[in-house]
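Trainee: Structure file model-v4.tsv, TSV, C-alpha atoms and all ligand atoms, is pasted below:
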chain	number	residue	atom	x	y	z
A	22	GLN	CA	-28.38	-95.72	28.08
A	23	GLN	CA	-28.99	-93.96	31.36
A	24	ARG	CA	-26.11	-92.17	33.04
A	25	VAL	CA	-25.15	-93.03	36.59
A	26	LEU	CA	-22.80	-91.07	38.83
A	27	SER	CA	-21.80	-91.32	42.46
A	28	GLY	CA	-18.90	-90.52	44.75
A	29	ILE	CA	-17.35	-91.55	48.04
A	30	GLN	CA	-15.16	-89.42	50.29
A	31	PRO	CA	-11.58	-90.52	50.94
A	32	SER	CA	-11.82	-89.77	54.65
A	33	GLY	CA	-10.99	-92.60	57.00
A	34	LYS	CA	-11.63	-96.20	56.09
A	35	LEU	CA	-14.78	-97.24	54.27
A	36	THR	CA	-17.38	-99.06	56.33
A	37	LEU	CA	-19.86	-101.82	55.72
A	38	GLY	CA	-22.42	-98.99	55.56
A	39	ASN	CA	-20.67	-97.40	52.55
A	40	TYR	CA	-20.50	-100.82	50.93
A	41	ILE	CA	-24.09	-101.90	51.49
A	42	GLY	CA	-25.67	-98.47	51.02
A	43	ALA	CA	-23.71	-97.40	47.96
A	44	MET	CA	-20.84	-99.44	46.50
A	45	LYS	CA	-22.79	-102.65	46.08
A	46	ASN	CA	-25.22	-100.77	43.90
A	47	PHE	CA	-22.43	-99.16	41.88
A	48	VAL	CA	-21.33	-102.67	40.98
A	49	ALA	CA	-24.87	-103.80	40.19
A	50	LEU	CA	-25.54	-100.82	37.92
A	51	GLN	CA	-22.32	-100.85	35.90
A	52	HIS	CA	-23.39	-103.27	33.18
A	53	GLU	CA	-26.69	-101.70	32.20
A	54	HIS	CA	-25.73	-98.03	32.45
A	55	GLU	CA	-23.02	-95.56	31.49
A	56	CYS	CA	-21.30	-95.14	34.85
A	57	PHE	CA	-19.02	-92.58	36.50
A	58	PHE	CA	-17.71	-93.27	40.00
A	59	MET	CA	-15.31	-90.95	41.71
A	60	VAL	CA	-13.33	-90.44	44.86
A	61	VAL	CA	-14.44	-87.00	46.04
A	62	ASP	CA	-11.21	-85.52	47.36
A	63	LEU	CA	-12.47	-81.94	46.91
A	64	HIS	CA	-15.29	-82.78	49.30
A	65	ALA	CA	-12.96	-84.41	51.82
A	66	ILE	CA	-11.03	-81.16	52.35
A	67	THR	CA	-14.13	-79.42	53.73
A	68	VAL	CA	-12.72	-80.67	57.03
A	69	PRO	CA	-8.95	-80.48	57.69
A	70	GLN	CA	-6.95	-83.34	56.12
A	71	ASP	CA	-3.36	-84.33	56.62
A	72	PRO	CA	-1.76	-84.33	53.12
A	73	ALA	CA	-0.05	-87.71	53.46
A	74	ALA	CA	-3.21	-89.28	54.84
A	75	LEU	CA	-5.35	-87.76	52.09
A	76	ARG	CA	-3.02	-89.19	49.43
A	77	GLU	CA	-3.07	-92.64	51.00
A	78	GLN	CA	-6.84	-92.67	51.57
A	79	SER	CA	-7.54	-91.47	48.04
A	80	GLU	CA	-5.61	-94.34	46.52
A	81	ALA	CA	-7.13	-96.76	49.02
A	82	VAL	CA	-10.70	-95.80	48.15
A	83	ALA	CA	-10.01	-95.99	44.42
A	84	ALA	CA	-8.56	-99.48	44.95
A	85	LEU	CA	-11.61	-100.46	47.01
A	86	PHE	CA	-13.85	-99.50	44.08
A	87	ILE	CA	-12.04	-102.08	41.98
A	88	ALA	CA	-11.86	-104.59	44.82
A	89	ALA	CA	-15.62	-104.34	45.33
A	90	GLY	CA	-16.15	-105.36	41.71
A	91	LEU	CA	-16.17	-102.22	39.60
A	92	GLU	CA	-14.65	-102.85	36.19
A	93	PRO	CA	-12.69	-99.99	34.61
A	94	ALA	CA	-13.87	-101.14	31.19
A	95	GLN	CA	-17.48	-100.61	32.27
A	96	ALA	CA	-17.29	-97.61	34.58
A	97	ALA	CA	-15.06	-94.54	34.55
A	98	ILE	CA	-13.28	-94.48	37.92
A	99	PHE	CA	-11.55	-91.22	38.73
A	100	MET	CA	-10.47	-88.60	41.25
A	101	GLN	CA	-12.76	-85.58	41.48
A	102	SER	CA	-9.77	-83.21	41.57
A	103	HIS	CA	-8.47	-84.62	38.26
A	104	VAL	CA	-11.47	-83.09	36.48
A	105	PRO	CA	-11.31	-79.34	37.12
A	106	ALA	CA	-14.83	-78.83	35.76
A	107	HIS	CA	-16.18	-79.96	39.17
A	108	ALA	CA	-14.68	-77.01	41.01
A	109	GLU	CA	-15.72	-74.63	38.26
A	110	LEU	CA	-19.36	-75.69	37.99
A	111	GLY	CA	-19.38	-75.89	41.78
A	112	TRP	CA	-18.68	-72.17	41.91
A	113	LEU	CA	-21.27	-71.33	39.27
A	114	LEU	CA	-23.92	-73.25	41.21
A	115	THR	CA	-22.85	-71.77	44.54
A	116	THR	CA	-23.88	-68.38	43.19
A	117	MET	CA	-27.35	-69.80	42.54
A	118	THR	CA	-27.79	-71.53	45.89
A	119	TYR	CA	-29.59	-69.72	48.71
A	120	MET	CA	-28.07	-69.44	52.19
A	121	GLY	CA	-31.37	-70.68	53.62
A	122	GLU	CA	-31.18	-73.86	51.56
A	123	LEU	CA	-27.68	-74.59	52.83
A	124	GLU	CA	-28.61	-73.76	56.42
A	125	ARG	CA	-31.32	-76.42	56.30
A	126	MET	CA	-28.92	-79.25	55.39
A	127	THR	CA	-28.82	-81.72	58.27
A	128	GLN	CA	-25.31	-82.89	57.33
A	129	PHE	CA	-24.02	-79.33	57.74
A	130	LYS	CA	-25.80	-78.99	61.07
A	131	ASP	CA	-24.35	-82.28	62.31
A	132	LYS	CA	-20.81	-81.58	61.14
A	133	SER	CA	-20.65	-77.98	62.33
A	134	GLU	CA	-22.42	-78.41	65.65
A	135	GLY	CA	-20.34	-77.35	68.63
A	136	LYS	CA	-17.34	-76.44	66.43
A	137	GLU	CA	-15.69	-73.05	66.82
A	138	ALA	CA	-14.11	-72.71	63.39
A	139	VAL	CA	-16.28	-74.07	60.61
A	140	GLY	CA	-14.84	-73.79	57.10
A	141	ALA	CA	-17.00	-72.11	54.45
A	142	GLY	CA	-16.42	-75.18	52.26
A	143	LEU	CA	-18.45	-77.29	54.64
A	144	PHE	CA	-21.34	-74.89	54.14
A	145	VAL	CA	-21.25	-74.82	50.33
A	146	TYR	CA	-20.49	-78.55	50.09
A	147	PRO	CA	-23.97	-79.33	48.62
A	148	SER	CA	-23.45	-76.95	45.66
A	149	LEU	CA	-20.26	-78.83	44.75
A	150	MET	CA	-22.10	-82.12	45.07
A	151	ALA	CA	-24.82	-80.79	42.75
A	152	ALA	CA	-22.09	-79.86	40.25
A	153	ASP	CA	-20.68	-83.41	40.43
A	154	ILE	CA	-24.02	-84.85	39.48
A	155	LEU	CA	-25.19	-82.27	36.93
A	156	LEU	CA	-21.89	-82.22	35.00
A	157	TYR	CA	-22.59	-85.74	33.74
A	158	LYS	CA	-26.29	-85.13	33.06
A	159	SER	CA	-26.78	-88.07	35.42
A	160	ASP	CA	-30.15	-89.81	35.42
A	161	LEU	CA	-29.52	-91.95	38.50
A	162	VAL	CA	-27.44	-91.34	41.61
A	163	PRO	CA	-26.92	-94.40	43.82
A	164	VAL	CA	-26.51	-93.24	47.43
A	165	GLY	CA	-27.45	-94.16	50.98
A	166	ASP	CA	-30.34	-92.56	52.79
A	167	ASP	CA	-28.21	-89.80	54.37
A	168	GLN	CA	-27.62	-88.17	50.95
A	169	LYS	CA	-31.30	-87.79	50.10
A	170	GLN	CA	-31.48	-84.15	51.17
A	171	HIS	CA	-28.43	-83.26	49.05
A	172	LEU	CA	-30.08	-84.94	46.07
A	173	GLU	CA	-33.22	-82.90	46.55
A	174	LEU	CA	-31.19	-79.69	46.55
A	175	THR	CA	-29.42	-80.88	43.39
A	176	ARG	CA	-32.79	-81.38	41.71
A	177	ASP	CA	-33.92	-77.91	42.80
A	178	LEU	CA	-30.72	-76.32	41.47
A	179	ALA	CA	-31.05	-78.08	38.12
A	180	GLY	CA	-34.65	-76.92	37.84
A	181	ARG	CA	-33.69	-73.38	38.82
A	182	PHE	CA	-30.92	-73.28	36.24
A	183	ASN	CA	-33.16	-74.56	33.46
A	184	HIS	CA	-35.87	-72.08	34.39
A	185	ARG	CA	-33.49	-69.11	34.35
A	186	TYR	CA	-31.26	-70.00	31.42
A	187	GLY	CA	-33.19	-72.52	29.34
A	188	ASP	CA	-33.14	-76.30	29.29
A	189	THR	CA	-29.52	-77.27	29.90
A	190	LEU	CA	-29.31	-79.68	32.84
A	191	VAL	CA	-30.88	-83.08	33.53
A	192	ILE	CA	-32.86	-83.47	36.75
A	193	PRO	CA	-31.45	-86.59	38.45
A	194	GLU	CA	-33.24	-89.29	40.45
A	195	PRO	CA	-31.76	-90.74	43.63
A	196	PHE	CA	-31.27	-94.51	43.60
A	197	ILE	CA	-31.67	-95.54	47.23
A	198	PRO	CA	-31.82	-99.28	48.05
A	199	LYS	CA	-34.93	-100.59	49.83
A	200	VAL	CA	-32.85	-102.68	52.21
A	201	GLY	CA	-29.56	-101.34	53.58
A	202	ALA	CA	-29.88	-97.62	52.77
A	203	ARG	CA	-29.10	-96.85	56.38
A	204	ILE	CA	-26.85	-99.31	58.19
A	205	MET	CA	-26.76	-98.39	61.85
A	206	SER	CA	-23.96	-98.23	64.37
A	207	LEU	CA	-23.18	-101.49	66.20
A	208	ASP	CA	-23.29	-99.78	69.58
A	209	ASP	CA	-26.39	-97.66	69.02
A	210	ALA	CA	-29.05	-98.37	66.41
A	211	SER	CA	-30.34	-94.80	66.58
A	212	LYS	CA	-27.15	-93.56	64.85
A	213	LYS	CA	-25.90	-94.44	61.39
A	214	MET	CA	-22.72	-96.48	61.08
A	215	SER	CA	-20.00	-93.94	60.45
A	216	LYS	CA	-16.25	-94.05	59.89
A	217	SER	CA	-15.86	-90.88	61.93
A	218	SER	CA	-17.27	-92.40	65.13
A	219	PRO	CA	-14.78	-92.26	68.03
A	220	ASN	CA	-15.70	-95.83	68.99
A	221	ALA	CA	-14.03	-98.16	66.47
A	222	GLY	CA	-16.21	-101.00	67.78
A	223	SER	CA	-19.28	-99.27	66.38
A	224	PHE	CA	-18.36	-99.83	62.72
A	225	ILE	CA	-16.85	-102.54	60.55
A	226	THR	CA	-14.43	-101.40	57.88
A	227	LEU	CA	-13.98	-103.22	54.60
A	228	LEU	CA	-10.38	-103.97	55.56
A	229	ASP	CA	-10.97	-105.25	59.11
A	230	THR	CA	-9.36	-108.64	59.77
A	231	PRO	CA	-11.59	-111.68	60.39
A	232	ASP	CA	-10.77	-111.52	64.10
A	233	GLU	CA	-11.62	-107.84	64.34
A	234	ILE	CA	-14.94	-108.53	62.61
A	235	ARG	CA	-15.74	-111.43	64.96
A	236	LYS	CA	-14.91	-109.34	68.00
A	237	LYS	CA	-16.97	-106.34	66.88
A	238	ILE	CA	-20.01	-108.46	66.06
A	239	SER	CA	-19.85	-110.44	69.28
A	240	ARG	CA	-19.84	-107.14	71.19
A	241	ALA	CA	-22.57	-105.52	69.09
A	242	LYS	CA	-25.49	-104.31	71.13
A	243	THR	CA	-28.67	-106.41	71.10
A	244	ASP	CA	-32.20	-105.67	72.26
A	245	LEU	CA	-34.10	-107.15	75.18
A	246	GLY	CA	-35.63	-110.57	74.64
A	247	ARG	CA	-33.91	-113.28	72.65
A	248	GLU	CA	-35.89	-113.78	69.43
A	249	ILE	CA	-34.42	-113.02	66.03
A	250	VAL	CA	-37.27	-110.96	64.54
A	251	PHE	CA	-37.16	-108.03	62.15
A	252	ASP	CA	-38.93	-105.16	63.91
A	253	VAL	CA	-37.23	-101.80	63.47
A	254	GLN	CA	-39.48	-100.09	66.03
A	255	ASN	CA	-39.08	-102.52	68.89
A	256	LYS	CA	-35.90	-104.37	68.00
A	257	PRO	CA	-33.72	-101.84	66.19
A	258	GLU	CA	-30.37	-103.42	67.09
A	259	VAL	CA	-31.28	-106.93	65.97
A	260	SER	CA	-33.06	-105.61	62.88
A	261	ASN	CA	-29.85	-103.81	61.88
A	262	LEU	CA	-27.81	-106.99	62.31
A	263	MET	CA	-30.39	-108.90	60.25
A	264	THR	CA	-30.09	-106.29	57.50
A	265	ILE	CA	-26.32	-106.74	57.46
A	266	TYR	CA	-26.77	-110.52	57.38
A	267	ALA	CA	-29.21	-110.32	54.46
A	268	GLN	CA	-27.03	-107.92	52.47
A	269	CYS	CA	-23.84	-109.92	52.98
A	270	SER	CA	-25.38	-113.34	52.32
A	271	GLY	CA	-27.77	-112.53	49.49
A	272	LEU	CA	-30.73	-113.85	51.51
A	273	SER	CA	-33.89	-111.82	52.06
A	274	ILE	CA	-34.75	-110.54	55.53
A	275	GLU	CA	-37.62	-113.09	55.64
A	276	GLN	CA	-35.22	-115.93	54.87
A	277	VAL	CA	-32.83	-114.78	57.59
A	278	GLN	CA	-35.68	-114.59	60.08
A	279	ALA	CA	-36.95	-118.06	59.13
A	280	ALA	CA	-33.44	-119.54	59.38
A	281	TYR	CA	-33.06	-118.34	62.99
A	282	ASP	CA	-36.54	-119.09	64.20
A	283	GLY	CA	-36.26	-120.40	67.76
A	284	GLN	CA	-32.53	-119.64	68.03
A	285	GLY	CA	-30.91	-117.06	70.28
A	286	TYR	CA	-28.62	-114.07	69.75
A	287	GLY	CA	-25.45	-116.07	70.42
A	288	ALA	CA	-25.86	-118.49	67.51
A	289	PHE	CA	-27.09	-115.73	65.21
A	290	LYS	CA	-24.15	-113.41	65.91
A	291	LYS	CA	-21.65	-116.21	65.48
A	292	ASP	CA	-23.02	-116.99	62.03
A	293	LEU	CA	-23.33	-113.32	61.14
A	294	ALA	CA	-19.62	-112.81	61.82
A	295	GLU	CA	-18.77	-115.63	59.40
A	296	VAL	CA	-21.16	-114.27	56.76
A	297	VAL	CA	-19.46	-110.86	56.92
A	298	VAL	CA	-15.96	-112.38	56.95
A	299	GLN	CA	-16.80	-114.44	53.87
A	300	ALA	CA	-18.36	-111.53	52.03
A	301	LEU	CA	-15.26	-109.39	52.61
A	302	GLU	CA	-12.63	-112.04	51.98
A	303	PRO	CA	-12.57	-111.84	48.15
A	304	LEU	CA	-12.72	-108.05	48.31
A	305	GLN	CA	-9.73	-107.91	50.65
A	306	GLN	CA	-7.74	-110.30	48.47
A	307	LYS	CA	-8.44	-108.22	45.38
A	308	TYR	CA	-7.61	-105.04	47.27
A	309	ALA	CA	-4.17	-106.38	48.21
A	310	ASP	CA	-3.52	-107.42	44.59
A	311	ILE	CA	-4.54	-104.11	43.07
A	312	ARG	CA	-2.54	-102.05	45.58
A	313	SER	CA	0.63	-104.04	44.97
A	314	SER	CA	0.21	-103.95	41.19
A	315	GLY	CA	0.37	-100.15	41.03
A	316	GLU	CA	-2.28	-100.34	38.33
A	317	ILE	CA	-4.60	-97.91	40.06
A	318	HIS	CA	-2.80	-94.91	38.58
A	319	ASN	CA	-3.49	-96.05	35.03
A	320	ILE	CA	-7.12	-96.73	35.86
A	321	LEU	CA	-7.51	-93.25	37.35
A	322	ARG	CA	-5.81	-91.56	34.42
A	323	ASP	CA	-8.07	-93.29	31.94
A	324	GLY	CA	-11.14	-92.59	34.10
A	325	ALA	CA	-10.33	-88.89	34.35
A	326	GLU	CA	-9.98	-88.66	30.58
A	327	ARG	CA	-13.37	-90.25	29.97
A	328	ALA	CA	-15.00	-88.15	32.67
A	329	SER	CA	-13.44	-84.90	31.42
A	330	ALA	CA	-14.72	-85.46	27.91
A	331	VAL	CA	-18.31	-85.51	29.21
A	332	ALA	CA	-17.88	-82.86	31.91
A	333	GLU	CA	-16.28	-80.30	29.57
A	334	VAL	CA	-19.23	-80.41	27.18
A	335	THR	CA	-21.74	-79.70	29.96
A	336	LEU	CA	-19.60	-76.97	31.50
A	337	HIS	CA	-19.32	-75.32	28.11
A	338	SER	CA	-23.09	-75.28	27.56
A	339	VAL	CA	-23.70	-74.02	31.11
A	340	LYS	CA	-21.30	-71.11	30.67
A	341	ASP	CA	-22.72	-70.32	27.28
A	342	ALA	CA	-26.28	-70.31	28.66
A	343	MET	CA	-25.24	-68.01	31.53
A	344	GLY	CA	-23.69	-65.48	29.16
A	345	PHE	CA	-19.96	-65.95	29.65
A	346	LEU	CA	-17.96	-64.61	26.73
A	347	PRO	CA	-16.38	-67.50	24.80
A	348	ARG	CA	-12.58	-67.61	24.76
A	349	GLY	CA	-12.64	-67.87	21.00
B	401	LIG	P1	-19.89	-90.49	51.98
B	401	LIG	O1	-18.48	-90.55	51.53
B	401	LIG	O2	-20.17	-90.04	53.37
B	401	LIG	O3	-20.54	-91.93	51.83
B	401	LIG	C1	-20.46	-92.65	50.61
B	401	LIG	C2	-21.77	-93.38	50.34
B	401	LIG	O4	-22.05	-94.30	51.40
B	401	LIG	C3	-23.36	-94.09	51.89
B	401	LIG	N1	-23.38	-94.39	53.34
B	401	LIG	C4	-24.20	-95.26	53.92
B	401	LIG	N2	-25.17	-96.06	53.43
B	401	LIG	C5	-25.83	-96.85	54.30
B	401	LIG	N3	-25.58	-96.88	55.63
B	401	LIG	C6	-24.62	-96.10	56.18
B	401	LIG	N4	-24.36	-96.15	57.49
B	401	LIG	C7	-23.88	-95.24	55.30
B	401	LIG	N5	-22.87	-94.35	55.50
B	401	LIG	C8	-22.58	-93.84	54.29
B	401	LIG	C9	-23.65	-92.62	51.62
B	401	LIG	O5	-25.03	-92.36	51.57
B	401	LIG	C10	-22.98	-92.43	50.28
B	401	LIG	O6	-23.83	-92.84	49.23
B	401	LIG	N6	-21.69	-86.33	49.84
B	401	LIG	C11	-21.33	-87.72	49.61
B	401	LIG	C12	-20.29	-87.90	48.54
B	401	LIG	C13	-20.60	-87.26	47.22
B	401	LIG	C14	-21.52	-87.72	46.25
B	401	LIG	C15	-21.41	-86.80	45.16
B	401	LIG	C16	-22.42	-88.77	46.21
B	401	LIG	C17	-19.98	-86.15	46.72
B	401	LIG	N7	-20.47	-85.87	45.47
B	401	LIG	C18	-22.19	-86.95	44.00
B	401	LIG	C19	-23.20	-88.91	45.05
B	401	LIG	C20	-23.09	-88.01	43.97
B	401	LIG	C21	-20.78	-88.30	50.90
B	401	LIG	O7	-20.31	-87.60	51.75
B	401	LIG	O8	-20.79	-89.67	50.95
Produce structure tokens that represent the structure in this file.
Ligand code: TYM
Mentor:
Amino acid sequence: QQRVLSGIQPSGKLTLGNYIGAMKNFVALQHEHECFFMVVDLHAITVPQDPAALREQSEAVAALFIAAGLEPAQAAIFMQSHVPAHAELGWLLTTMTYMGELERMTQFKDKSEGKEAVGAGLFVYPSLMAADILLYKSDLVPVGDDQKQHLELTRDLAGRFNHRYGDTLVIPEPFIPKVGARIMSLDDASKKMSKSSPNAGSFITLLDTPDEIRKKISRAKTDLGREIVFDVQNKPEVSNLMTIYAQCSGLSIEQVQAAYDGQGYGAFKKDLAEVVVQALEPLQQKYADIRSSGEIHNILRDGAERASAVAEVTLHSVKDAMGFLPRG
């Protein structure tokens, strides 16, 4: 069985972009693969976090994993910080990562741009992400398009390690969906939908109420003209809304286009809002149930145990290959 690992940051509320680009695929992969999905709290602190908010968001994201359809019996669901091997391998790999490689990361450039005090953690973030993936000897890593560059660095680091110290790590493949790998902002289709945007109207969160969803979609930007056609070059805004429609309804882009042939933006957006509301309704119901049950702590404890068992073995072989003296 192939191993699958991915993670989501507990910073702010999760968006439809996180769901379509990543979580939906976690759920789809869980039955055929050995899966590890984590809430990456160690990554979240690369920008300042309020402790109470971090605690709340961490539990919320773990609950959203379950609400989206992940089954703890199928996939290990855990907090990154509960498995200390992440931080440890992260350090080992940091020593093997070149400054130039980290300087080229577009996520670092975006997040540090214009800031006066940039934490060193933000810079070495990709080495920790590589550790996350390599610890589980992951074959596949389901992510959205924006993580592609980090995956490439992870592959380079695994190759570098194996070359220097002998075959130890597995070189992972990204698993990036053909449709929905980059859901764009509702107010500007040249930017990706992001929970950190200052304009809350530009993204839909998984916990938005039906009325909030309707309002955001009715205000979403549209292109000139009135036809519902999928054309990313000339109609980026409408194409993005069609992608969301397809992903939330299960229809293909072609089917969506055919269904709205001859209709205008108004009718399309009205239906789109209902499609999104309906897709999120069962998730929101399940989220409320799991939060009130308090069960999430048991799920995370069990997940961390299963994850640790695998991670410890890899960490041990890495340290052995590098020449660390065994504790005996
Ligand atoms: P994060 O928390 O920013 O996002 C979680 C996942 O959601 C995807 N995503 C999107 N997909 C489509 N359209 C969008 N607008 C959109 N926005 C976000 C992201 O690509 C990601 O898959 N560095 C990672 C977390 C991480 C990780 C890992 C991932 C840490 N360690 C190991 C995989 C394996 C991040 O910041 O994702």
Trainee: Per residue of stretch 41-65 of chain A within 9 Å of stretch 153-168 of chain A, what are the shortest atom pair and its distance in Å to one decimal, counting all atoms listed in the file, with rows by chain and residue number, as JSON lines?
Mentor:
{"residue": "A:Ile41", "atom": "CA", "partner": "A:Gly165", "partner_atom": "CA", "distance": 8.5}
{"residue": "A:Gly42", "atom": "CA", "partner": "A:Gly165", "partner_atom": "CA", "distance": 4.7}
{"residue": "A:Ala43", "atom": "CA", "partner": "A:Val164", "partner_atom": "CA", "distance": 5.0}
{"residue": "A:Met44", "atom": "CA", "partner": "A:Pro163", "partner_atom": "CA", "distance": 8.3}
{"residue": "A:Asn46", "atom": "CA", "partner": "A:Pro163", "partner_atom": "CA", "distance": 6.6}
{"residue": "A:Phe47", "atom": "CA", "partner": "A:Pro163", "partner_atom": "CA", "distance": 6.8}
{"residue": "A:Leu50", "atom": "CA", "partner": "A:Pro163", "partner_atom": "CA", "distance": 8.8}
{"residue": "A:Cys56", "atom": "CA", "partner": "A:Ser159", "partner_atom": "CA", "distance": 9.0}
{"residue": "A:Phe57", "atom": "CA", "partner": "A:Tyr157", "partner_atom": "CA", "distance": 8.2}
Trainee: Neighbouring residues of stretch 97-108 of chain A were defined as those with any atom within 8 Å, considering only C-alpha atoms; residues of the same chain fewer than 5 positions away were excluded. Please report them as number ranges by chain.
Mentor: A: 56-63, 79, 83, 86, 149, 152-153, 156, 320-325, 327-329, 332-333, 336
Trainee: Looking at all atoms listed in the file, which of A:Thr116, A:Ala151, A:Met263, A:Val48 is the one that sits closest to A:Ala88?
Mentor: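 Among the listed residues, the smallest separation from A:Ala88 belongs to A:Val48.
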Trainee: Which of these, A:Leu227, A:Leu207, A:Ala294, A:Ala221, has the shortest distance to A:Val82 once you count all atoms listed in the file?
Mentor: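 Looking only at the distances to A:Val82, the closest residue turns out to be A:Leu227.
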Trainee: Which residues, written as an NGL selection string, have at least one atom at most 12 Å from A:Gln299, with all atoms listed in the file counted and residues fewer than 3 positions away on the same chain left out?
Mentor: :A and (227 or 230-231 or 234-235 or 266 or 269-271 or 292-296 or 302-306)
Trainee: Which residue is closest to A:Glu80? Choose from A:Tyr40, A:Tyr308, A:Phe251, A:Tyr281 and count only C-alpha atoms.
Mentor: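 Of all the options, A:Tyr308 lies closest to A:Glu80.
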Trainee: With only C-alpha atoms and all ligand atoms as the atoms that count, which of A:Ala89, A:Val297, A:Val331, A:Met214 lies nearest to ligand LIG 401 (chain B)?
Mentor: A:Met214
Trainee: Give the answer as one residue: which of A:Pro198, A:Gly140, A:Gly180, A:Gly187 has the shortest atom-to-atom distance to ligand LIG 401 (chain B), using all atoms listed in the file?
Mentor: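 Closest candidate: A:Pro198.
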Trainee: Quick one: everything within 7 Å of A:Asp208, counting only C-alpha atoms, minus sequence neighbours fewer than 6 positions away in the same chain. Send it as a list in words.
Mentor: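 The residues that qualify are Ser223, Ala241 and Lys242 of chain A.
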Trainee: Contacts of A:Ser211 at 9 Å or less, counting all atoms listed in the file, minus same-chain residues fewer than 3 places along, as a PyMOL selection string?
Mentor: chain A and resi 205-206+257-258
Trainee: So how many Å separate atom CA of A:Leu26 and atom CA of A:Lys216, to one decimal?
Mentor: 22.3 Å
Trainee: Please output stretch 89-104 of chain A, rebuilt to include N, CA and C atoms, as a PDB file, in the frame of the given file.
Mentor:
ATOM      1  N   ALA A  89     -14.199-104.033  45.107  1.00  0.00           N
ATOM      2  CA  ALA A  89     -15.620-104.340  45.330  1.00  0.00           C
ATOM      3  C   ALA A  89     -16.279-104.883  44.063  1.00  0.00           C
ATOM      4  N   GLY A  90     -15.599-104.764  42.931  1.00  0.00           N
ATOM      5  CA  GLY A  90     -16.150-105.360  41.710  1.00  0.00           C
ATOM      6  C   GLY A  90     -16.394-104.396  40.570  1.00  0.00           C
ATOM      7  N   LEU A  91     -16.003-103.138  40.728  1.00  0.00           N
ATOM      8  CA  LEU A  91     -16.170-102.220  39.600  1.00  0.00           C
ATOM      9  C   LEU A  91     -15.122-102.560  38.533  1.00  0.00           C
ATOM     10  N   GLU A  92     -15.546-102.522  37.284  1.00  0.00           N
ATOM     11  CA  GLU A  92     -14.650-102.850  36.190  1.00  0.00           C
ATOM     12  C   GLU A  92     -14.347-101.581  35.393  1.00  0.00           C
ATOM     13  N   PRO A  93     -13.064-101.222  35.309  1.00  0.00           N
ATOM     14  CA  PRO A  93     -12.690 -99.990  34.610  1.00  0.00           C
ATOM     15  C   PRO A  93     -13.154 -99.956  33.148  1.00  0.00           C
ATOM     16  N   ALA A  94     -13.385-101.127  32.571  1.00  0.00           N
ATOM     17  CA  ALA A  94     -13.870-101.140  31.190  1.00  0.00           C
ATOM     18  C   ALA A  94     -15.343-100.738  31.133  1.00  0.00           C
ATOM     19  N   GLN A  95     -16.051-100.928  32.226  1.00  0.00           N
ATOM     20  CA  GLN A  95     -17.480-100.610  32.270  1.00  0.00           C
ATOM     21  C   GLN A  95     -17.734 -99.200  32.798  1.00  0.00           C
ATOM     22  N   ALA A  96     -17.018 -98.877  33.895  1.00  0.00           N
ATOM     23  CA  ALA A  96     -17.290 -97.610  34.580  1.00  0.00           C
ATOM     24  C   ALA A  96     -16.030 -96.756  34.595  1.00  0.00           C
ATOM     25  N   ALA A  97     -16.202 -95.449  34.406  1.00  0.00           N
ATOM     26  CA  ALA A  97     -15.060 -94.540  34.550  1.00  0.00           C
ATOM     27  C   ALA A  97     -14.838 -94.330  36.045  1.00  0.00           C
ATOM     28  N   ILE A  98     -13.629 -94.629  36.506  1.00  0.00           N
ATOM     29  CA  ILE A  98     -13.280 -94.480  37.920  1.00  0.00           C
ATOM     30  C   ILE A  98     -12.219 -93.395  38.005  1.00  0.00           C
ATOM     31  N   PHE A  99     -12.486 -92.359  38.776  1.00  0.00           N
ATOM     32  CA  PHE A  99     -11.550 -91.220  38.730  1.00  0.00           C
ATOM     33  C   PHE A  99     -11.567 -90.406  40.031  1.00  0.00           C
ATOM     34  N   MET A 100     -10.556 -89.523  40.128  1.00  0.00           N
ATOM     35  CA  MET A 100     -10.470 -88.600  41.250  1.00  0.00           C
ATOM     36  C   MET A 100     -11.198 -87.315  40.855  1.00  0.00           C
ATOM     37  N   GLN A 101     -12.013 -86.824  41.746  1.00  0.00           N
ATOM     38  CA  GLN A 101     -12.760 -85.580  41.480  1.00  0.00           C
ATOM     39  C   GLN A 101     -11.812 -84.437  41.109  1.00  0.00           C
ATOM     40  N   SER A 102     -10.686 -84.332  41.812  1.00  0.00           N
ATOM     41  CA  SER A 102      -9.770 -83.210  41.570  1.00  0.00           C
ATOM     42  C   SER A 102      -9.049 -83.312  40.228  1.00  0.00           C
ATOM     43  N   HIS A 103      -9.112 -84.480  39.576  1.00  0.00           N
ATOM     44  CA  HIS A 103      -8.470 -84.620  38.260  1.00  0.00           C
ATOM     45  C   HIS A 103      -9.337 -84.034  37.144  1.00  0.00           C
ATOM     46  N   VAL A 104     -10.560 -83.678  37.475  1.00  0.00           N
ATOM     47  CA  VAL A 104     -11.470 -83.090  36.480  1.00  0.00           C
ATOM     48  C   VAL A 104     -11.861 -81.695  36.987  1.00  0.00           C
TER      49      VAL A 104
END
